[in-house]
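Asks: Encoded as structure tokens, here's the structure I'll be asking about.
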Amino acid sequence: MSLAANLADLASPPEARIFEPRTEKERDCHWSFWGTDPHLSALKPACKGIWKRWQLIDHNEKVAHESRSHHYITLSASEYLKLCKANLHPKIQLIRNAVEDLDFKDNIAFLTAGDISYAATHVFDSRPPETKSGGMIQHFLGREIRTKKPIKECDTVTLMDFRVDQSRGLHFIYMLPFSPTHLLVESTMISQTPEPQQWYLESIGSWLDERGIGVEKDIGLESGIIPMDKIKPKDPRTSAIGVASGAIRQSSGYSFNYVQHQAEQLAERISRGCYDVPVPISNKLVFMDRLFNRVLIKHPELAVDLFMRMAGSLNGEQFARFMTGRASLSEWGKVILAMPKMPFMRHIWSV
Ligand SMILES: Cc1cc2nc3c(=O)[nH]c(=O)nc-3n(C[C@H](O)[C@H](O)[C@H](O)COP(=O)(O)OP(=O)(O)OC[C@H]3O[C@@H](n4cnc5c(N)ncnc54)[C@H](O)[C@@H]3O)c2cc1C
């Protein structure tokens, strides 16, 4: 849908079909990212929360960031998808069926969806990729609630609060305050195995109780498993895009900025008759993220400290650039200097 929305802006968009079996409502969840004013104005109708401050907390300290140039923006996925749909060009049609069969003959793709056959010269495939078993995953469950009383600090997003059970892997609470009485509270783990639903719910319940936050009403639940390891696209004969092409940071699970950037670049290429999918994240960044994950797997006891040191070494502007893959060499230098050297040196050859 992001690619289709970008194609609509071209002077002469190509004929295209989008196959998506799920409605916007079925696809609804929260998508957050660091954006600037132009992002905000383009996506305003889909924005559910906008903040200038965020924090990471452990038992020893709080790292609080504020940014003038960046916002932490949360979109309603369904509103974002509706926005893309409303902007579709008449030459681009949305088909509410899953692709069932896909074959190639003489460089033409033949596919079937909802008992209808289609032929295409190019197929861009964003079906969720296969994940390596035993690989690192970010798995979470979030509870959207209305609280009994207003909370304090509703101008600050809690990206990671590590003051929770760390016995099963790296665990933190992610909290988005949409208003003083409207929150999304997620229990998030970075490990190799998902936990039963009850485990995340109990973690959220304890976190709320410890802060004296009473729940007036449950608004919704959302859960997900995000790959943080090597990704294998569903079908090597198609051109993978989005997360299926690796547009996800293996150290953080954030993908929105990378998916958007790839869609913009690809639409521009298509306007020039080039159908090669741009690499979403540079090899250098992928290497650094893989090294970071390697240290997390081999030294789980260091995990909380690594995230706190990383955040603590940067200010708000630098952190937002770091998270969106635009950090300068000197910002990378600050992060590297803040890390414990031995574990990274030890695993650099095994990435
Ligand atoms: C609950 C949740 C919250 C998240 N929050 C964030 C966040 O805050 N920030 C962030 O950066 N990332 C977040 N992510 C990561 C997320 O994966 C991406 O943001 C985004 O959804 C990836 O986009 P994508 O188009 O690559 O893949 P997807 O959004 O997964 O799209 C794949 C699509 O393929 C469709 N499909 C599957 N099979 C077929 C078929 N056979 N035929 C046709 N279509 C098919 C599916 O219906 C789906 O719509 C979150 C993920 C989840 C699950």
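Naming scheme: A, B, ... for chains in displayed order of the structure tokens; residues 1 onward per chain; ligands 1 onward as shown.
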How close does each residue of range 183-245 of chain A get to range 286-291 of chain A, giving the shortest atom pair and distance in Å to one decimal for every residue with an atom at most 9 Å away, counting only C-alpha atoms, sorted by chain and residue number, as CSV?
Replies:
```
residue,atom,partner,partner_atom,distance
A:Met228,CA,A:Arg290,CA,8.7
A:Asp229,CA,A:Arg290,CA,7.5
A:Lys230,CA,A:Arg290,CA,8.9
```
Asks: Output N, CA and C atoms for every residue in that selection, as a JSON list (two decimals), in the first residue's frame.
Replies:
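Below you can see part32.json, which holds the result:
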```
[["chain", "number", "residue", "atom", "x", "y", "z"],
["A", 228, "MET", "N", 14.15, -10.52, 14.28],
["A", 228, "MET", "CA", 15.32, -9.66, 14.49],
["A", 228, "MET", "C", 16.56, -10.45, 14.07],
["A", 229, "ASP", "N", 16.40, -11.22, 13.02],
["A", 229, "ASP", "CA", 17.48, -12.07, 12.54],
["A", 229, "ASP", "C", 17.41, -12.09, 11.01],
["A", 230, "LYS", "N", 18.24, -12.94, 10.39],
["A", 230, "LYS", "CA", 18.24, -13.05, 8.92],
["A", 230, "LYS", "C", 16.84, -13.45, 8.45]]
```
Asks: What are the nearest atom pairs, with distances in Å to one decimal, for all residues of chain A that come at most 9 Å from ligand 1, using only C-alpha atoms and all ligand atoms, set out by chain and rising residue number as JSON lines?
Replies:
```
{"residue": "A:Met1", "atom": "CA", "partner": "ligand 1", "partner_atom_place_in_ligand_line": "25 (O)", "distance": 7.6}
{"residue": "A:Ser2", "atom": "CA", "partner": "ligand 1", "partner_atom_place_in_ligand_line": "25 (O)", "distance": 7.8}
{"residue": "A:Ile18", "atom": "CA", "partner": "ligand 1", "partner_atom_place_in_ligand_line": "43 (C)", "distance": 8.0}
{"residue": "A:Phe19", "atom": "CA", "partner": "ligand 1", "partner_atom_place_in_ligand_line": "43 (C)", "distance": 4.7}
{"residue": "A:Glu20", "atom": "CA", "partner": "ligand 1", "partner_atom_place_in_ligand_line": "44 (N)", "distance": 4.3}
{"residue": "A:Pro21", "atom": "CA", "partner": "ligand 1", "partner_atom_place_in_ligand_line": "47 (O)", "distance": 5.6}
{"residue": "A:Arg22", "atom": "CA", "partner": "ligand 1", "partner_atom_place_in_ligand_line": "47 (O)", "distance": 5.1}
{"residue": "A:Thr23", "atom": "CA", "partner": "ligand 1", "partner_atom_place_in_ligand_line": "47 (O)", "distance": 8.3}
{"residue": "A:Glu24", "atom": "CA", "partner": "ligand 1", "partner_atom_place_in_ligand_line": "49 (O)", "distance": 8.8}
{"residue": "A:Glu26", "atom": "CA", "partner": "ligand 1", "partner_atom_place_in_ligand_line": "47 (O)", "distance": 8.8}
{"residue": "A:Arg27", "atom": "CA", "partner": "ligand 1", "partner_atom_place_in_ligand_line": "49 (O)", "distance": 6.7}
{"residue": "A:Asp28", "atom": "CA", "partner": "ligand 1", "partner_atom_place_in_ligand_line": "1 (C)", "distance": 8.1}
{"residue": "A:Cys29", "atom": "CA", "partner": "ligand 1", "partner_atom_place_in_ligand_line": "1 (C)", "distance": 5.3}
{"residue": "A:His30", "atom": "CA", "partner": "ligand 1", "partner_atom_place_in_ligand_line": "5 (N)", "distance": 5.5}
{"residue": "A:Trp31", "atom": "CA", "partner": "ligand 1", "partner_atom_place_in_ligand_line": "8 (O)", "distance": 3.5}
{"residue": "A:Ser32", "atom": "CA", "partner": "ligand 1", "partner_atom_place_in_ligand_line": "8 (O)", "distance": 3.7}
{"residue": "A:Phe33", "atom": "CA", "partner": "ligand 1", "partner_atom_place_in_ligand_line": "9 (N)", "distance": 5.6}
{"residue": "A:Trp34", "atom": "CA", "partner": "ligand 1", "partner_atom_place_in_ligand_line": "11 (O)", "distance": 9.0}
{"residue": "A:Thr74", "atom": "CA", "partner": "ligand 1", "partner_atom_place_in_ligand_line": "8 (O)", "distance": 7.0}
{"residue": "A:Leu75", "atom": "CA", "partner": "ligand 1", "partner_atom_place_in_ligand_line": "8 (O)", "distance": 8.2}
{"residue": "A:Ala77", "atom": "CA", "partner": "ligand 1", "partner_atom_place_in_ligand_line": "21 (O)", "distance": 8.2}
{"residue": "A:Arg96", "atom": "CA", "partner": "ligand 1", "partner_atom_place_in_ligand_line": "43 (C)", "distance": 8.4}
{"residue": "A:Asn97", "atom": "CA", "partner": "ligand 1", "partner_atom_place_in_ligand_line": "43 (C)", "distance": 6.5}
{"residue": "A:Ala98", "atom": "CA", "partner": "ligand 1", "partner_atom_place_in_ligand_line": "42 (N)", "distance": 3.5}
{"residue": "A:Val99", "atom": "CA", "partner": "ligand 1", "partner_atom_place_in_ligand_line": "42 (N)", "distance": 3.9}
{"residue": "A:Glu100", "atom": "CA", "partner": "ligand 1", "partner_atom_place_in_ligand_line": "41 (N)", "distance": 5.8}
{"residue": "A:Asp101", "atom": "CA", "partner": "ligand 1", "partner_atom_place_in_ligand_line": "41 (N)", "distance": 8.5}
{"residue": "A:Ala113", "atom": "CA", "partner": "ligand 1", "partner_atom_place_in_ligand_line": "42 (N)", "distance": 7.7}
{"residue": "A:Asp125", "atom": "CA", "partner": "ligand 1", "partner_atom_place_in_ligand_line": "34 (O)", "distance": 8.0}
{"residue": "A:Ser126", "atom": "CA", "partner": "ligand 1", "partner_atom_place_in_ligand_line": "32 (C)", "distance": 5.2}
{"residue": "A:Arg127", "atom": "CA", "partner": "ligand 1", "partner_atom_place_in_ligand_line": "34 (O)", "distance": 4.0}
{"residue": "A:Pro128", "atom": "CA", "partner": "ligand 1", "partner_atom_place_in_ligand_line": "32 (C)", "distance": 5.2}
{"residue": "A:Pro129", "atom": "CA", "partner": "ligand 1", "partner_atom_place_in_ligand_line": "30 (O)", "distance": 8.6}
{"residue": "A:His139", "atom": "CA", "partner": "ligand 1", "partner_atom_place_in_ligand_line": "53 (C)", "distance": 8.9}
{"residue": "A:Phe140", "atom": "CA", "partner": "ligand 1", "partner_atom_place_in_ligand_line": "1 (C)", "distance": 7.9}
{"residue": "A:Leu141", "atom": "CA", "partner": "ligand 1", "partner_atom_place_in_ligand_line": "1 (C)", "distance": 8.0}
{"residue": "A:Gly142", "atom": "CA", "partner": "ligand 1", "partner_atom_place_in_ligand_line": "1 (C)", "distance": 8.4}
{"residue": "A:Glu222", "atom": "CA", "partner": "ligand 1", "partner_atom_place_in_ligand_line": "1 (C)", "distance": 5.6}
{"residue": "A:Ser223", "atom": "CA", "partner": "ligand 1", "partner_atom_place_in_ligand_line": "1 (C)", "distance": 4.9}
{"residue": "A:Gly224", "atom": "CA", "partner": "ligand 1", "partner_atom_place_in_ligand_line": "53 (C)", "distance": 4.0}
{"residue": "A:Ile225", "atom": "CA", "partner": "ligand 1", "partner_atom_place_in_ligand_line": "53 (C)", "distance": 6.0}
{"residue": "A:Ile226", "atom": "CA", "partner": "ligand 1", "partner_atom_place_in_ligand_line": "15 (C)", "distance": 6.2}
{"residue": "A:Pro227", "atom": "CA", "partner": "ligand 1", "partner_atom_place_in_ligand_line": "17 (O)", "distance": 8.5}
{"residue": "A:Ile241", "atom": "CA", "partner": "ligand 1", "partner_atom_place_in_ligand_line": "26 (O)", "distance": 6.6}
{"residue": "A:Gly242", "atom": "CA", "partner": "ligand 1", "partner_atom_place_in_ligand_line": "26 (O)", "distance": 3.5}
{"residue": "A:Val243", "atom": "CA", "partner": "ligand 1", "partner_atom_place_in_ligand_line": "26 (O)", "distance": 3.7}
{"residue": "A:Ala244", "atom": "CA", "partner": "ligand 1", "partner_atom_place_in_ligand_line": "26 (O)", "distance": 5.8}
{"residue": "A:Ser245", "atom": "CA", "partner": "ligand 1", "partner_atom_place_in_ligand_line": "26 (O)", "distance": 7.8}
{"residue": "A:Gly246", "atom": "CA", "partner": "ligand 1", "partner_atom_place_in_ligand_line": "26 (O)", "distance": 8.5}
{"residue": "A:Ala247", "atom": "CA", "partner": "ligand 1", "partner_atom_place_in_ligand_line": "26 (O)", "distance": 7.1}
{"residue": "A:Ile248", "atom": "CA", "partner": "ligand 1", "partner_atom_place_in_ligand_line": "11 (O)", "distance": 7.4}
{"residue": "A:Arg249", "atom": "CA", "partner": "ligand 1", "partner_atom_place_in_ligand_line": "11 (O)", "distance": 8.6}
{"residue": "A:Ser252", "atom": "CA", "partner": "ligand 1", "partner_atom_place_in_ligand_line": "11 (O)", "distance": 8.8}
{"residue": "A:Gly253", "atom": "CA", "partner": "ligand 1", "partner_atom_place_in_ligand_line": "12 (N)", "distance": 6.3}
{"residue": "A:Tyr254", "atom": "CA", "partner": "ligand 1", "partner_atom_place_in_ligand_line": "11 (O)", "distance": 3.5}
{"residue": "A:Ser255", "atom": "CA", "partner": "ligand 1", "partner_atom_place_in_ligand_line": "11 (O)", "distance": 3.6}
{"residue": "A:Phe256", "atom": "CA", "partner": "ligand 1", "partner_atom_place_in_ligand_line": "11 (O)", "distance": 3.7}
{"residue": "A:Asn257", "atom": "CA", "partner": "ligand 1", "partner_atom_place_in_ligand_line": "11 (O)", "distance": 6.5}
{"residue": "A:Tyr258", "atom": "CA", "partner": "ligand 1", "partner_atom_place_in_ligand_line": "11 (O)", "distance": 8.0}
{"residue": "A:Val259", "atom": "CA", "partner": "ligand 1", "partner_atom_place_in_ligand_line": "26 (O)", "distance": 6.5}
```
Asks: Please return as a PyMOL selection string: the residues of range 170-329 of chain A that backbone DSSP assigns to helix (DSSP H, G or I).
Replies: chain A and resi 197-210+242-245+256-271+283-298+300-312+316-323+329
Asks: Which residues are near range 39-46 of chain A? Cut-off 9 Å, only C-alpha atoms, ignore same chain within fewer than 3 positions. Put them as a VMD selection string.
Replies: chain A and resid 35 to 36 50 71 73 to 83
Asks: Just the number, please: distance in Å from CA of Met323 in chain A to CA of Val185 in chain A, one decimal.
Replies: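 Distance reported for this atom pair: 21.0 Å.
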Asks: Excluding same-chain residues fewer than 2 positions from Pro278 in chain A, what lies within 9 Å of it counting only C-alpha atoms, as a list of chain:residue names?
Replies: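 With the cut-off at 9 Å, the set is A:Ile241, A:Gln262, A:Ala263, A:Gln265, A:Leu266, A:Arg269, A:Asp276, A:Pro280, A:Ile281.
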Asks: Give me the range 49-89 of chain A side of the contact with range 155-163 of chain A, cut-off 7 Å, one line per residue showing its nearest atom pair and distance in Å at one decimal, counting only C-alpha atoms, sorted by chain and residue number, as a Markdown table.
Replies:
```
| residue | atom | partner | partner_atom | distance |
| --- | --- | --- | --- | --- |
| A:Trp51 | CA | A:Asp155 | CA | 6.3 |
| A:Arg53 | CA | A:Thr156 | CA | 4.9 |
| A:Trp54 | CA | A:Val157 | CA | 4.5 |
| A:Gln55 | CA | A:Thr158 | CA | 5.0 |
| A:Leu56 | CA | A:Met160 | CA | 4.8 |
| A:Ile57 | CA | A:Asp161 | CA | 4.7 |
| A:Asp58 | CA | A:Phe162 | CA | 4.9 |
| A:His59 | CA | A:Arg163 | CA | 6.0 |
```
Asks: Among range 40-247 of chain A, which residues carry a DSSP assignment of strand (DSSP E or B), reported as a ChimeraX atom specification?
Replies: /A:47-51,53-57,62-66,71-76,92-95,99-105,108-113,116-120,124-125,130-131,137-147,156-161,170-179,182-191,215-227,231-232,239-240
Asks: Would you list the contacts of Tyr200 in chain A as a list of chain:residue names, taking every protein, DNA or RNA residue within 7 Å and counting only C-alpha atoms, but skipping same-chain residues closer than 3 positions in sequence?
Replies: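 Near neighbours after the sequence-gap exclusion: A:Leu141, A:Ser187, A:Gln197, A:Ser203, A:Ile204.
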Asks: So that I can check the surroundings of range 293-304 of chain A, please list as number ranges by chain every protein, DNA and RNA residue that reaches within 8 Å of it, counting only C-alpha atoms and ignoring chain neighbours fewer than 2 positions away.
Replies: A: 58, 136, 162, 169-170, 191, 250-251, 289-291, 306-308, 343-344, 347, 351
Asks: Could you write out the selected residues, including N, CA and C atoms, as an mmCIF file, in the first residue's frame?
Replies:
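Once everything was written out, this is part12.cif:
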```
data_model
loop_
_atom_site.group_PDB
_atom_site.id
_atom_site.type_symbol
_atom_site.label_atom_id
_atom_site.label_comp_id
_atom_site.auth_asym_id
_atom_site.auth_seq_id
_atom_site.Cartn_x
_atom_site.Cartn_y
_atom_site.Cartn_z
ATOM 1 N N ASP A 58 15.907 1.988 33.927
ATOM 2 C CA ASP A 58 16.200 0.712 34.589
ATOM 3 C C ASP A 58 16.230 0.963 36.103
ATOM 4 N N MET A 136 16.706 -14.619 16.819
ATOM 5 C CA MET A 136 16.214 -13.604 17.762
ATOM 6 C C MET A 136 14.873 -13.047 17.267
ATOM 7 N N PHE A 162 12.812 -1.229 32.062
ATOM 8 C CA PHE A 162 13.354 -2.570 32.337
ATOM 9 C C PHE A 162 13.043 -3.067 33.750
ATOM 10 N N GLY A 169 14.473 -13.583 29.641
ATOM 11 C CA GLY A 169 15.101 -12.918 28.495
ATOM 12 C C GLY A 169 14.953 -11.419 28.675
ATOM 13 N N LEU A 170 15.449 -10.652 27.716
ATOM 14 C CA LEU A 170 15.376 -9.194 27.832
ATOM 15 C C LEU A 170 13.915 -8.756 27.753
ATOM 16 N N SER A 191 14.019 -12.206 22.676
ATOM 17 C CA SER A 191 14.580 -13.508 23.042
ATOM 18 C C SER A 191 14.392 -14.455 21.859
ATOM 19 N N GLN A 250 17.523 -4.996 12.893
ATOM 20 C CA GLN A 250 17.644 -6.228 13.677
ATOM 21 C C GLN A 250 17.936 -5.950 15.150
ATOM 22 N N SER A 251 18.360 -4.721 15.469
ATOM 23 C CA SER A 251 18.649 -4.426 16.877
ATOM 24 C C SER A 251 17.438 -3.838 17.598
ATOM 25 N N ASP A 289 24.097 -4.157 13.600
ATOM 26 C CA ASP A 289 22.930 -4.679 14.330
ATOM 27 C C ASP A 289 23.112 -6.158 14.646
ATOM 28 N N ARG A 290 23.683 -6.894 13.701
ATOM 29 C CA ARG A 290 23.882 -8.336 13.925
ATOM 30 C C ARG A 290 24.914 -8.574 15.032
ATOM 31 N N LEU A 291 25.927 -7.725 15.045
ATOM 32 C CA LEU A 291 26.943 -7.831 16.097
ATOM 33 C C LEU A 291 26.307 -7.540 17.463
ATOM 34 N N LEU A 306 23.413 -2.540 27.922
ATOM 35 C CA LEU A 306 23.769 -2.140 26.554
ATOM 36 C C LEU A 306 22.788 -1.094 26.023
ATOM 37 N N PHE A 307 21.482 -1.348 26.230
ATOM 38 C CA PHE A 307 20.481 -0.393 25.751
ATOM 39 C C PHE A 307 20.583 0.937 26.503
ATOM 40 N N MET A 308 20.806 0.870 27.829
ATOM 41 C CA MET A 308 20.889 2.105 28.618
ATOM 42 C C MET A 308 22.134 2.914 28.217
ATOM 43 N N PRO A 343 33.217 -7.881 24.899
ATOM 44 C CA PRO A 343 32.204 -8.755 24.284
ATOM 45 C C PRO A 343 32.055 -8.499 22.785
ATOM 46 N N PHE A 344 32.167 -7.247 22.371
ATOM 47 C CA PHE A 344 32.010 -6.941 20.946
ATOM 48 C C PHE A 344 33.210 -7.445 20.145
ATOM 49 N N HIS A 347 33.072 -11.229 19.532
ATOM 50 C CA HIS A 347 32.074 -11.814 18.618
ATOM 51 C C HIS A 347 32.103 -11.209 17.221
ATOM 52 N N VAL A 351 29.896 -12.862 13.229
ATOM 53 C CA VAL A 351 28.638 -12.270 12.734
ATOM 54 C C VAL A 351 28.366 -12.724 11.304
#
```
Asks: Considering only C-alpha atoms, state which residue in the set A:Val277, A:Lys25, A:Val63, A:Ile336 is at the smallest distance from Glu264 in chain A.
Replies: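 The closest residue to Glu264 in chain A is A:Val277.
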Asks: Find the distance between CA of His65 in chain A and CA of His171 in chain A and write it in Å to one decimal.
Replies: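 Going from CA of His65 in chain A over to CA of His171 in chain A covers 21.0 Å.
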